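Enquirer: What follows is input-v9.txt; its format and atoms are compact mmCIF, C-alpha atoms and all ligand atoms.
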# COMPACT_ATOMS: atom_id res chain seq x y z
CA MET A 1 -19.68 -11.52 10.11
CA LYS A 2 -17.39 -9.20 12.03
CA SER A 3 -17.09 -5.89 10.22
CA LYS A 4 -13.67 -4.57 9.25
CA LYS A 5 -11.95 -1.90 11.31
CA ARG A 6 -11.65 1.44 9.56
CA MET A 7 -8.66 3.62 8.66
CA VAL A 8 -8.44 7.17 7.35
CA SER A 9 -5.41 9.05 6.08
CA GLY A 10 -4.26 11.64 3.57
CA ILE A 11 -1.21 13.27 2.02
CA THR A 12 -0.92 16.99 1.32
CA ALA A 13 -0.87 17.87 -2.38
CA THR A 14 1.85 20.48 -1.94
CA GLY A 15 4.37 19.05 -4.36
CA THR A 16 5.60 15.74 -5.40
CA VAL A 17 5.14 12.56 -3.34
CA THR A 18 8.42 11.60 -1.67
CA LEU A 19 10.05 8.35 -0.70
CA GLY A 20 9.37 9.48 2.91
CA ASN A 21 5.63 9.64 2.16
CA TYR A 22 5.85 6.20 0.58
CA ILE A 23 7.75 4.48 3.39
CA GLY A 24 6.03 6.35 6.24
CA ALA A 25 2.48 6.25 4.91
CA ILE A 26 1.57 4.75 1.50
CA LYS A 27 3.41 1.45 1.97
CA ASN A 28 1.30 0.91 5.06
CA PHE A 29 -1.95 1.80 3.26
CA VAL A 30 -1.16 -0.82 0.63
CA LYS A 31 -0.27 -3.45 3.19
CA LEU A 32 -3.41 -2.81 5.22
CA GLN A 33 -5.94 -2.60 2.40
CA GLU A 34 -6.99 -6.24 2.65
CA GLU A 35 -7.61 -6.09 6.34
CA PHE A 36 -9.22 -2.66 6.83
CA GLU A 37 -11.94 -0.52 5.35
CA MET A 38 -9.93 2.44 4.10
CA TYR A 39 -10.58 6.07 3.23
CA ILE A 40 -7.49 7.65 1.71
CA PHE A 41 -7.60 11.14 0.28
CA VAL A 42 -5.58 13.75 -1.56
CA ALA A 43 -5.37 16.60 0.97
CA ASN A 44 -5.77 19.46 -1.50
CA LEU A 45 -7.27 21.83 1.09
CA HIS A 46 -4.16 21.35 3.19
CA ALA A 47 -2.06 22.30 0.19
CA ILE A 48 -3.27 25.91 0.25
CA THR A 49 -2.05 26.64 3.79
CA THR A 50 0.99 28.20 2.13
CA PRO A 51 0.82 29.97 -1.26
CA ILE A 52 0.72 27.65 -4.27
CA ASP A 53 0.34 28.27 -7.99
CA LYS A 54 -3.08 27.19 -9.24
CA LEU A 55 -1.86 25.20 -12.24
CA LYS A 56 0.71 23.45 -10.07
CA LEU A 57 -1.96 22.61 -7.50
CA ARG A 58 -4.25 21.12 -10.14
CA GLU A 59 -1.43 19.04 -11.52
CA ASN A 60 -0.41 17.86 -8.03
CA ILE A 61 -3.94 16.70 -7.20
CA LYS A 62 -4.29 14.51 -10.26
CA SER A 63 -0.74 13.26 -9.99
CA MET A 64 -1.13 12.31 -6.33
CA ALA A 65 -4.36 10.44 -7.02
CA ALA A 66 -2.68 8.50 -9.83
CA LEU A 67 0.30 7.79 -7.58
CA TYR A 68 -1.90 6.25 -4.89
CA PHE A 69 -3.11 3.72 -7.44
CA ALA A 70 0.32 3.30 -9.02
CA CYS A 71 1.73 2.47 -5.58
CA GLY A 72 -0.73 -0.38 -5.30
CA LEU A 73 -3.96 0.88 -3.79
CA ASP A 74 -6.72 -1.17 -5.35
CA PRO A 75 -9.70 0.99 -6.41
CA ASN A 76 -12.00 -1.93 -5.64
CA LYS A 77 -10.79 -2.16 -2.06
CA VAL A 78 -9.86 1.34 -0.96
CA ASN A 79 -11.83 4.58 -1.15
CA VAL A 80 -9.42 7.08 -2.70
CA PHE A 81 -10.89 10.55 -3.05
CA ILE A 82 -10.14 14.26 -3.19
CA GLN A 83 -10.61 16.02 0.16
CA SER A 84 -12.41 19.11 -1.17
CA GLU A 85 -14.99 16.93 -2.98
CA VAL A 86 -16.49 16.13 0.41
CA LEU A 87 -17.70 19.50 1.71
CA GLU A 88 -18.15 18.26 5.26
CA HIS A 89 -14.38 18.41 5.89
CA THR A 90 -14.44 22.20 5.88
CA GLN A 91 -17.78 22.35 7.66
CA LEU A 92 -16.60 20.24 10.58
CA SER A 93 -13.26 22.02 10.72
CA TRP A 94 -15.07 25.28 11.53
CA ILE A 95 -16.91 23.66 14.39
CA LEU A 96 -13.63 22.25 15.72
CA THR A 97 -12.06 25.70 15.35
CA CYS A 98 -14.68 27.01 17.74
CA ASN A 99 -13.87 24.28 20.25
CA SER A 100 -10.11 24.71 20.28
CA THR A 101 -7.76 27.33 21.69
CA ILE A 102 -5.02 29.38 20.09
CA GLY A 103 -2.71 28.17 22.88
CA GLU A 104 -3.01 24.51 21.93
CA LEU A 105 -2.50 25.26 18.25
CA ASN A 106 0.54 27.39 19.04
CA ARG A 107 2.08 24.37 20.74
CA MET A 108 2.07 22.24 17.57
CA THR A 109 5.70 21.67 16.60
CA GLN A 110 4.91 21.63 12.88
CA PHE A 111 3.37 25.10 13.20
CA LYS A 112 6.40 26.30 15.14
CA ASP A 113 8.77 24.93 12.47
CA LYS A 114 6.82 26.26 9.52
CA SER A 115 6.23 29.69 11.01
CA GLN A 116 9.91 29.83 11.97
CA LYS A 117 10.76 29.26 8.32
CA GLN A 118 8.67 32.30 7.37
CA LYS A 119 10.43 34.29 10.09
CA ASN A 120 13.83 33.17 8.78
CA LYS A 121 12.84 34.55 5.40
CA ASN A 122 12.03 37.83 7.16
CA ARG A 123 8.34 37.24 6.51
CA THR A 124 7.06 37.66 10.09
CA ASP A 125 4.27 39.70 8.54
CA TYR A 126 3.18 36.67 6.60
CA ILE A 127 2.33 33.66 8.70
CA PRO A 128 -0.88 32.38 7.13
CA THR A 129 -3.74 31.70 9.57
CA GLY A 130 -4.23 28.36 7.82
CA LEU A 131 -0.80 27.28 9.00
CA LEU A 132 -2.03 27.67 12.58
CA THR A 133 -5.48 26.16 12.11
CA TYR A 134 -4.48 23.35 9.76
CA PRO A 135 -4.48 20.65 12.50
CA LEU A 136 -8.20 21.35 12.95
CA LEU A 137 -8.87 20.56 9.32
CA MET A 138 -6.86 17.40 9.82
CA ALA A 139 -8.90 16.56 12.93
CA ALA A 140 -12.07 17.05 10.89
CA ASP A 141 -10.71 14.78 8.13
CA ILE A 142 -10.33 12.09 10.74
CA LEU A 143 -13.35 12.50 13.04
CA LEU A 144 -15.86 12.57 10.17
CA TYR A 145 -15.21 8.92 9.38
CA GLU A 146 -15.04 7.39 12.88
CA PRO A 147 -11.81 5.51 12.11
CA ASP A 148 -10.24 3.03 14.48
CA TYR A 149 -6.75 3.94 13.26
CA VAL A 150 -4.98 6.70 11.35
CA PRO A 151 -1.87 5.42 9.52
CA VAL A 152 0.73 8.22 9.48
CA GLY A 153 4.44 8.93 9.89
CA LYS A 154 5.82 9.96 13.27
CA ASP A 155 5.67 13.70 12.51
CA GLN A 156 1.85 13.53 12.69
CA LYS A 157 1.64 11.99 16.16
CA GLN A 158 1.08 15.34 17.85
CA HIS A 159 -1.75 16.22 15.46
CA ILE A 160 -3.48 12.94 16.21
CA GLU A 161 -3.13 13.61 19.94
CA LEU A 162 -4.76 16.99 19.39
CA THR A 163 -7.55 15.26 17.45
CA ARG A 164 -8.13 12.91 20.36
CA ASN A 165 -8.15 15.78 22.87
CA LEU A 166 -10.68 17.73 20.81
CA ALA A 167 -12.87 14.68 20.41
CA GLU A 168 -12.82 13.96 24.15
CA ARG A 169 -13.52 17.59 24.99
CA MET A 170 -16.51 17.69 22.67
CA ASN A 171 -17.77 14.32 23.85
CA ASN A 172 -17.76 15.68 27.40
CA LYS A 173 -19.51 18.86 26.38
CA TYR A 174 -22.12 17.55 23.97
CA GLY A 175 -22.53 13.87 24.76
CA ASN A 176 -21.09 11.07 22.72
CA LEU A 177 -20.17 12.70 19.42
CA PHE A 178 -16.88 11.28 18.18
CA LYS A 179 -15.04 8.00 18.19
CA ILE A 180 -11.54 8.41 19.66
CA PRO A 181 -8.98 7.44 16.98
CA GLU A 182 -5.51 5.95 17.43
CA GLU A 183 -2.46 6.58 15.30
CA TYR A 184 -0.90 3.68 13.41
CA ILE A 185 2.82 4.33 12.95
CA PRO A 186 5.12 1.89 11.09
CA GLU A 187 7.82 0.19 13.15
CA VAL A 188 10.50 0.93 10.56
CA GLY A 189 10.54 4.08 8.46
CA SER A 190 8.19 6.31 10.41
CA LYS A 191 10.59 9.19 9.78
CA ILE A 192 12.77 9.11 6.69
CA MET A 193 15.40 11.82 6.86
CA ASP A 194 16.65 14.47 4.44
CA LEU A 195 19.50 13.06 2.33
CA GLN A 196 21.58 16.21 2.68
CA ASN A 197 20.67 17.16 6.27
CA PRO A 198 19.92 13.81 7.88
CA THR A 199 18.82 15.35 11.17
CA ASN A 200 15.77 16.85 9.37
CA LYS A 201 12.75 14.99 8.01
CA MET A 202 12.73 14.29 4.26
CA SER A 203 10.21 16.78 2.97
CA LYS A 204 8.74 17.66 -0.40
CA SER A 205 8.87 21.33 0.53
CA SER A 206 12.65 21.26 0.92
CA GLU A 207 14.37 23.88 -1.22
CA ASN A 208 17.19 21.53 -2.24
CA PRO A 209 15.90 18.77 -4.56
CA LYS A 210 18.91 16.64 -3.61
CA SER A 211 17.40 16.38 -0.13
CA TYR A 212 14.51 14.19 -1.15
CA ILE A 213 13.56 11.50 -3.64
CA SER A 214 10.35 12.02 -5.54
CA LEU A 215 8.49 8.87 -6.60
CA LEU A 216 8.54 10.35 -10.11
CA ASP A 217 12.26 11.20 -10.23
CA ASP A 218 14.19 9.85 -13.17
CA ILE A 219 16.12 6.76 -12.05
CA LYS A 220 19.43 8.33 -13.13
CA ILE A 221 18.72 11.32 -10.89
CA VAL A 222 17.81 9.02 -8.00
CA GLU A 223 21.16 7.31 -8.40
CA LYS A 224 22.96 10.65 -8.14
CA LYS A 225 20.90 11.73 -5.13
CA ILE A 226 21.65 8.55 -3.21
CA LYS A 227 25.34 8.66 -4.15
CA SER A 228 25.58 12.20 -2.82
CA ALA A 229 23.64 11.43 0.40
CA VAL A 230 25.53 12.73 3.42
CA THR A 231 27.10 10.00 5.61
CA ASP A 232 30.12 10.32 7.93
CA SER A 233 33.81 9.52 7.84
CA GLU A 234 33.75 6.39 10.00
CA ASN A 235 32.98 3.89 7.24
CA LEU A 236 31.11 1.67 9.69
CA ILE A 237 27.62 0.47 8.75
CA LYS A 238 25.73 0.58 12.02
CA TYR A 239 22.26 1.80 13.02
CA ASP A 240 22.87 4.73 15.35
CA PRO A 241 20.52 7.59 14.45
CA ILE A 242 22.02 9.99 17.01
CA ASN A 243 25.67 9.68 16.03
CA LYS A 244 25.30 8.38 12.48
CA PRO A 245 22.07 9.90 11.13
CA GLY A 246 22.98 9.69 7.44
CA VAL A 247 24.03 6.03 7.46
CA SER A 248 21.12 5.10 9.74
CA ASN A 249 18.71 6.72 7.30
CA LEU A 250 20.08 4.62 4.42
CA ILE A 251 19.78 1.53 6.62
CA VAL A 252 16.14 2.36 7.37
CA ILE A 253 15.31 2.93 3.70
CA TYR A 254 16.93 -0.36 2.78
CA SER A 255 15.27 -2.18 5.67
CA SER A 256 11.83 -0.96 4.70
CA LEU A 257 12.13 -1.62 0.97
CA ALA A 258 13.91 -4.97 1.28
CA ASN A 259 11.50 -6.02 4.05
CA LYS A 260 14.34 -6.92 6.38
CA SER A 261 14.74 -5.99 10.04
CA ILE A 262 17.37 -3.42 11.03
CA LYS A 263 19.38 -6.23 12.66
CA GLU A 264 19.32 -8.31 9.47
CA VAL A 265 20.40 -5.29 7.45
CA GLU A 266 23.30 -4.54 9.81
CA LEU A 267 24.42 -8.13 9.49
CA PHE A 268 24.10 -8.09 5.70
CA PHE A 269 26.29 -4.97 5.49
CA SER A 270 28.84 -5.87 8.16
CA ASN A 271 32.38 -5.42 6.78
CA LYS A 272 31.03 -3.59 3.72
CA ASP A 273 31.74 0.06 2.86
CA TYR A 274 29.43 3.02 2.27
CA GLY A 275 29.81 2.70 -1.52
CA PHE A 276 28.38 -0.81 -1.33
CA LEU A 277 25.56 0.31 0.97
CA LYS A 278 24.61 3.15 -1.37
CA ASN A 279 24.62 0.84 -4.39
CA GLU A 280 22.30 -1.60 -2.65
CA VAL A 281 20.00 1.26 -1.62
CA ILE A 282 20.01 2.47 -5.24
CA LYS A 283 18.97 -1.03 -6.37
CA VAL A 284 15.96 -1.36 -4.04
CA VAL A 285 14.79 2.21 -4.62
CA SER A 286 15.13 1.90 -8.42
CA ILE A 287 13.16 -1.34 -8.55
CA LEU A 288 10.36 0.26 -6.54
CA LEU A 289 10.29 3.50 -8.52
CA LYS A 290 10.39 1.75 -11.89
CA GLU A 291 7.36 -0.33 -10.95
CA ILE A 292 5.46 2.71 -9.65
CA GLN A 293 6.38 4.89 -12.62
CA ASP A 294 5.39 2.26 -15.21
CA LYS A 295 1.93 2.01 -13.65
CA TYR A 296 1.71 5.78 -13.17
CA TYR A 297 2.37 6.67 -16.81
CA ASN A 298 -0.18 4.10 -17.93
CA LEU A 299 -2.78 5.52 -15.59
CA ILE A 300 -2.30 9.24 -15.66
CA ASN A 301 -4.11 9.84 -18.92
CA SER A 302 -6.80 7.22 -18.54
CA ASN A 303 -10.36 8.10 -17.60
CA ASP A 304 -10.42 5.40 -14.95
CA ILE A 305 -9.01 7.68 -12.29
CA GLU A 306 -11.91 10.13 -12.37
CA THR A 307 -14.43 7.32 -12.22
CA TRP A 308 -12.71 5.72 -9.24
CA LEU A 309 -12.35 9.04 -7.42
CA GLU A 310 -16.00 9.92 -7.90
CA LYS A 311 -17.24 6.54 -6.71
CA SER A 312 -15.11 6.82 -3.58
CA ALA A 313 -16.10 10.43 -2.94
CA ASN A 314 -19.70 9.21 -2.91
CA ASN A 315 -18.90 6.58 -0.32
CA ALA A 316 -17.04 9.16 1.74
CA ARG A 317 -19.89 11.68 1.45
CA TYR A 318 -22.33 9.13 2.77
CA LEU A 319 -20.39 8.69 6.02
CA ALA A 320 -19.46 12.36 6.30
CA ARG A 321 -23.05 13.55 5.92
CA LYS A 322 -24.31 11.12 8.49
CA LYS A 323 -21.70 12.29 10.95
CA MET A 324 -22.25 15.99 10.23
CA SER A 325 -25.96 15.68 10.72
CA LYS A 326 -25.37 14.16 14.16
CA VAL A 327 -22.90 16.93 15.03
CA MET A 328 -25.33 19.66 13.89
CA ASP A 329 -28.07 18.14 16.06
CA LYS A 330 -25.97 17.63 19.15
CA ILE A 331 -24.46 21.10 19.24
CA GLY A 332 -27.75 22.85 18.52
CA LEU A 333 -27.07 24.24 15.06
CA ASN A 334 -30.00 22.41 13.59
CA TYR A 335 -33.09 24.46 14.46
CA LYS A 336 -35.62 21.90 13.20
P1 LIG B 1 2.64 15.19 4.14
O1 LIG B 1 3.45 15.07 2.91
O2 LIG B 1 3.31 16.08 5.15
O3 LIG B 1 1.21 15.50 3.90
O4 LIG B 1 2.65 13.75 4.82
C1 LIG B 1 1.77 12.72 4.45
C2 LIG B 1 2.09 11.45 5.19
O5 LIG B 1 3.44 11.04 4.93
C3 LIG B 1 1.99 11.58 6.70
O6 LIG B 1 1.51 10.36 7.22
C4 LIG B 1 3.39 11.81 7.13
O7 LIG B 1 3.63 11.41 8.46
C5 LIG B 1 4.16 10.92 6.15
N1 LIG B 1 5.51 11.44 5.94
C6 LIG B 1 5.85 12.64 5.39
N2 LIG B 1 7.18 12.78 5.35
C7 LIG B 1 7.71 11.65 5.90
C8 LIG B 1 9.04 11.19 6.14
N3 LIG B 1 10.09 11.92 5.82
N4 LIG B 1 9.19 9.97 6.71
C9 LIG B 1 8.12 9.21 7.04
N5 LIG B 1 6.85 9.59 6.85
C10 LIG B 1 6.63 10.79 6.27
N1 LIG B 2 -1.41 16.68 7.88
C1 LIG B 2 -0.91 15.49 7.26
C2 LIG B 2 0.55 15.71 6.90
O1 LIG B 2 0.95 16.80 6.61
C3 LIG B 2 -1.71 15.09 6.07
C4 LIG B 2 -3.10 14.88 6.47
C5 LIG B 2 -4.13 15.75 6.32
C6 LIG B 2 -3.62 13.76 7.18
N2 LIG B 2 -5.27 15.24 6.83
C7 LIG B 2 -5.00 14.04 7.39
C8 LIG B 2 -3.08 12.56 7.64
C9 LIG B 2 -5.82 13.14 8.06
C10 LIG B 2 -3.92 11.67 8.31
C11 LIG B 2 -5.28 11.95 8.53
O2 LIG B 2 1.29 14.79 6.94
Show me the file's structure as structure tokens.

Expert:
Amino acid sequence: MKSKKRMVSGITATGTVTLGNYIGAIKNFVKLQEEFEMYIFVANLHAITTPIDKLKLRENIKSMAALYFACGLDPNKVNVFIQSEVLEHTQLSWILTCNSTIGELNRMTQFKDKSQKQKNKNRTDYIPTGLLTYPLLMAADILLYEPDYVPVGKDQKQHIELTRNLAERMNNKYGNLFKIPEEYIPEVGSKIMDLQNPTNKMSKSSENPKSYISLLDDIKIVEKKIKSAVTDSENLIKYDPINKPGVSNLIVIYSSLANKSIKEVELFFSNKDYGFLKNEVIKVVSILLKEIQDKYYNLINSNDIETWLEKSANNARYLARKKMSKVMDKIGLNYK
């Protein structure tokens, strides 16, 4: 029997999980779980790259794990685990740190954006080192498991390219160490935009809660957020992300959640106004969120989650240890 191809991915436990995370990443995990062997984790080590309150962090970790299952990941099919429970992630990230350069990390656009934000707050004195080195932890997350694909949103493409470069560099230096992974980016919805500033990515770290939809937002709040989403004054429903970013974003959200192509959506909304479009978006988002939230509140206080997470962490540890032991041998750290 041909063995299944493998996928690895994670979401940072910084705050809530957004509709952008769902459409860009989780929806794909759920769709692919039958076909692939999957390792999906809560990236809690990534969540400390910028300061975070410890109680909030704890809450985020549990909540994100429950959300993975509430969104439809089947604990019998997918390995869902907590990143820090597999120690090899940090171990390999150090080795990758020693095989990378500050120059290549400085070129990461996410680092540039995030450090710029600190500078804008007049905090040039406080750009955490972890913000710079975080793509190496991400590369370790990936390379440990020898995945064929990494399902992510478009914003992570550059980090996956860096992962590939590091893997190739180390393969050349030490002999065949790592499998070269490919990104797996959804055709529709790989970058859901901020509802208030539709030229920016929808992000859970946005300071304005009206900018994003959390999967756990109250449906009434979601309605208000979508109603107040920025559009334009043309009243023409057309996919044109450059000139009509707000409307195009609503079209993409609808297209992804209604499982219709952009063309079909444009046709469906031709001759309709923005009020109608927003109401239809509210309908599809509310149906999704209600389903997720019902499952979530059933799960969050059950003991099942811990059992599932531990079982999966064990499976992950098995692969990670095997890989780490090969790495230690090949680069000469193992003296025996
Ligand atoms: P993060 O929340 O930054 O850890 O992102 C976790 C996953 O969600 C990654 O695969 C991202 O590419 C994806 N993602 C985050 N924000 C968005 C967005 N606004 N649109 C599409 N995908 C996103
Ligand atoms: N860095 C990713 C993000 O912010 C999250 C992440 C961490 C990830 N480790 C990963 C995604 C490994 C894919 C594979 O979006």

Enquirer: Let me make sure I understand: among A:Asn314, A:Ser63, A:Asn76, A:Ser84, which one has the smallest atom-to-atom distance to ligand LIG 2 (chain B) if we use all atoms listed in the file?

Expert: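 When distances to ligand LIG 2 (chain B) are compared using all atoms listed in the file, the smallest one comes from A:Ser84.
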
Enquirer: Step by step, measure atom-to-atom distances between ligand LIG 1 (chain B) and each residue using only C-alpha atoms and all ligand atoms, keep those at most 7 Å, then write them as a list in words.

Expert: Gly10, Ile11, Thr12, Val17, Gly20, Asn21, Tyr22, Ile23, Gly24, Ala25, Pro151, Val152, Gly153, Lys154, Asp155, Gln156, Gly189, Ser190, Lys191, Ile192, Met193, Lys201, Met202, Ser203 and Lys204 of chain A

Enquirer: Please identify the residues whose atoms come within 10 Å of ligand LIG 2 (chain B), using all atoms listed in the file, and report them as a ChimeraX atom specification.

Expert: /A:7-14,21,24-25,39-47,83,89,110,134-143,147,149-157,159-160,163,183-184,203

Enquirer: As lines of an AutoDock Vina configuration file, what would the box around stretch 10-26 of chain A look like: edges along x, y and z, 4 Å added on every side, centre and edge lengths in Å to one decimal?

Expert:
center_x = 2.9
center_y = 12.5
center_z = 0.4
size_x = 22.3
size_y = 24.0
size_z = 19.6

Enquirer: Just want the 10 Å neighbourhood of A:Val285, counted on only C-alpha atoms, with same-chain residues fewer than 3 positions away dropped. Output as a count of residues only.

Expert: 18

Enquirer: Could you check which of A:Met64, A:Ser233, A:Glu182, A:Asn200 is closest to A:Asp113, using only C-alpha atoms?

Expert: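 Among A:Met64, A:Ser233, A:Glu182, A:Asn200, it is A:Asn200 that comes nearest to A:Asp113.
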
Enquirer: Can you measure atom CA of A:Ser312 to atom CA of A:Gly130 for me? One decimal in Å is fine.

Expert: 26.7 Å

Enquirer: Please compute the atom CA of A:Ile237-atom CA of A:Glu187 distance, one decimal, in Å.

Expert: 20.3 Å

Enquirer: Can you tell me how far atom CA of A:Lys179 sits from atom CA of A:Asp74, in Å to one decimal?

Expert: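 We find that atom CA of A:Lys179 and atom CA of A:Asp74 lie 26.6 Å from each other.
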
Enquirer: Tell me which protein, DNA and RNA residues are within 8 Å of stretch 166-168 of chain A, counting only C-alpha atoms, leaving out same-chain ones fewer than 5 positions away, and put them as a PyMOL selection string.

Expert: chain A and resi 96+99-100+143+177-180

Enquirer: Restricting the calculation to only C-alpha atoms, which member of A:Ile48, A:Leu250, A:Leu162, A:Met328 is positioned closest to A:Lys225?

Expert: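 Of A:Ile48, A:Leu250, A:Leu162, A:Met328, the one nearest A:Lys225 is A:Leu250, counting only C-alpha atoms.
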
Enquirer: If you count all atoms listed in the file, which residues fall within 12 Å of A:Lys4, apart from same-chain ones fewer than 5 positions away, as a PyMOL selection string?

Expert: chain A and resi 32-38+77+147-149

Enquirer: I need the chosen residues saved as a PDB file, in the frame of the given file, with C-alpha atoms.

Expert:
ATOM      1  CA  LEU A  32      -3.410  -2.810   5.220  1.00  0.00           C
ATOM      2  CA  GLN A  33      -5.940  -2.600   2.400  1.00  0.00           C
ATOM      3  CA  GLU A  34      -6.990  -6.240   2.650  1.00  0.00           C
ATOM      4  CA  GLU A  35      -7.610  -6.090   6.340  1.00  0.00           C
ATOM      5  CA  PHE A  36      -9.220  -2.660   6.830  1.00  0.00           C
ATOM      6  CA  GLU A  37     -11.940  -0.520   5.350  1.00  0.00           C
ATOM      7  CA  MET A  38      -9.930   2.440   4.100  1.00  0.00           C
ATOM      8  CA  LYS A  77     -10.790  -2.160  -2.060  1.00  0.00           C
ATOM      9  CA  PRO A 147     -11.810   5.510  12.110  1.00  0.00           C
ATOM     10  CA  ASP A 148     -10.240   3.030  14.480  1.00  0.00           C
ATOM     11  CA  TYR A 149      -6.750   3.940  13.260  1.00  0.00           C
TER      12      TYR A 149
END

Enquirer: Give me the residues within 9 Å of A:Ser256 as a PyMOL selection string, counting all atoms listed in the file and dropping any in the same chain fewer than 4 places off.

Expert: chain A and resi 23+188-189+251-252+260-262

Enquirer: Just want the 9 Å neighbourhood of A:Lys238, counted on all atoms listed in the file, with same-chain residues fewer than 2 positions away dropped. Output as a ChimeraX atom specification.

Expert: /A:236,240,244,247-248,251,266,269-270

Enquirer: Using all atoms listed in the file, which residue out of A:Asp125, A:Glu88, A:Asp217, A:Glu59 lies closest to A:Ser325?

Expert: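 Answer, going by the shortest atom-to-atom distance: A:Glu88.
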
Enquirer: Quick one: stretch 58-72 of chain A with N, CA, C and O atoms, as a PDB file, in the first residue's frame?

Expert:
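Writing the result to selection.pdb gives the following:
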ATOM      1  N   ARG A  58      -1.735  30.776  28.615  1.00  0.00           N
ATOM      2  CA  ARG A  58      -2.279  29.468  28.989  1.00  0.00           C
ATOM      3  C   ARG A  58      -3.669  29.264  28.407  1.00  0.00           C
ATOM      4  O   ARG A  58      -3.993  28.204  27.863  1.00  0.00           O
ATOM      5  N   GLU A  59      -4.478  30.296  28.545  1.00  0.00           N
ATOM      6  CA  GLU A  59      -5.848  30.230  28.048  1.00  0.00           C
ATOM      7  C   GLU A  59      -5.854  30.059  26.518  1.00  0.00           C
ATOM      8  O   GLU A  59      -6.596  29.236  25.982  1.00  0.00           O
ATOM      9  N   ASN A  60      -4.989  30.829  25.846  1.00  0.00           N
ATOM     10  CA  ASN A  60      -4.922  30.738  24.377  1.00  0.00           C
ATOM     11  C   ASN A  60      -4.565  29.334  23.898  1.00  0.00           C
ATOM     12  O   ASN A  60      -5.086  28.856  22.900  1.00  0.00           O
ATOM     13  N   ILE A  61      -3.630  28.697  24.609  1.00  0.00           N
ATOM     14  CA  ILE A  61      -3.149  27.378  24.175  1.00  0.00           C
ATOM     15  C   ILE A  61      -4.292  26.376  24.188  1.00  0.00           C
ATOM     16  O   ILE A  61      -4.568  25.675  23.207  1.00  0.00           O
ATOM     17  N   LYS A  62      -5.000  26.340  25.322  1.00  0.00           N
ATOM     18  CA  LYS A  62      -6.095  25.386  25.459  1.00  0.00           C
ATOM     19  C   LYS A  62      -7.203  25.717  24.458  1.00  0.00           C
ATOM     20  O   LYS A  62      -7.765  24.834  23.804  1.00  0.00           O
ATOM     21  N   SER A  63      -7.485  27.005  24.346  1.00  0.00           N
ATOM     22  CA  SER A  63      -8.569  27.430  23.474  1.00  0.00           C
ATOM     23  C   SER A  63      -8.252  27.086  22.012  1.00  0.00           C
ATOM     24  O   SER A  63      -9.113  26.600  21.272  1.00  0.00           O
ATOM     25  N   MET A  64      -6.996  27.295  21.618  1.00  0.00           N
ATOM     26  CA  MET A  64      -6.650  26.997  20.229  1.00  0.00           C
ATOM     27  C   MET A  64      -6.734  25.501  19.943  1.00  0.00           C
ATOM     28  O   MET A  64      -7.224  25.083  18.890  1.00  0.00           O
ATOM     29  N   ALA A  65      -6.294  24.696  20.915  1.00  0.00           N
ATOM     30  CA  ALA A  65      -6.377  23.248  20.719  1.00  0.00           C
ATOM     31  C   ALA A  65      -7.844  22.837  20.548  1.00  0.00           C
ATOM     32  O   ALA A  65      -8.196  22.098  19.619  1.00  0.00           O
ATOM     33  N   ALA A  66      -8.704  23.375  21.420  1.00  0.00           N
ATOM     34  CA  ALA A  66     -10.131  23.027  21.329  1.00  0.00           C
ATOM     35  C   ALA A  66     -10.713  23.508  19.997  1.00  0.00           C
ATOM     36  O   ALA A  66     -11.541  22.825  19.385  1.00  0.00           O
ATOM     37  N   LEU A  67     -10.239  24.671  19.539  1.00  0.00           N
ATOM     38  CA  LEU A  67     -10.766  25.196  18.278  1.00  0.00           C
ATOM     39  C   LEU A  67     -10.391  24.326  17.084  1.00  0.00           C
ATOM     40  O   LEU A  67     -11.175  24.152  16.160  1.00  0.00           O
ATOM     41  N   TYR A  68      -9.173  23.785  17.105  1.00  0.00           N
ATOM     42  CA  TYR A  68      -8.791  22.880  16.009  1.00  0.00           C
ATOM     43  C   TYR A  68      -9.834  21.760  15.883  1.00  0.00           C
ATOM     44  O   TYR A  68     -10.301  21.445  14.793  1.00  0.00           O
ATOM     45  N   PHE A  69     -10.179  21.173  17.027  1.00  0.00           N
ATOM     46  CA  PHE A  69     -11.146  20.062  16.977  1.00  0.00           C
ATOM     47  C   PHE A  69     -12.542  20.571  16.622  1.00  0.00           C
ATOM     48  O   PHE A  69     -13.262  19.953  15.845  1.00  0.00           O
ATOM     49  N   ALA A  70     -12.891  21.739  17.196  1.00  0.00           N
ATOM     50  CA  ALA A  70     -14.225  22.292  16.924  1.00  0.00           C
ATOM     51  C   ALA A  70     -14.380  22.649  15.438  1.00  0.00           C
ATOM     52  O   ALA A  70     -15.479  22.606  14.898  1.00  0.00           O
ATOM     53  N   CYS A  71     -13.282  22.992  14.796  1.00  0.00           N
ATOM     54  CA  CYS A  71     -13.347  23.321  13.359  1.00  0.00           C
ATOM     55  C   CYS A  71     -13.429  22.066  12.499  1.00  0.00           C
ATOM     56  O   CYS A  71     -13.566  22.170  11.279  1.00  0.00           O
ATOM     57  N   GLY A  72     -13.259  20.910  13.105  1.00  0.00           N
ATOM     58  CA  GLY A  72     -13.463  19.688  12.328  1.00  0.00           C
ATOM     59  C   GLY A  72     -12.263  18.768  12.205  1.00  0.00           C
ATOM     60  O   GLY A  72     -12.318  17.768  11.491  1.00  0.00           O
TER      61      GLY A  72
END
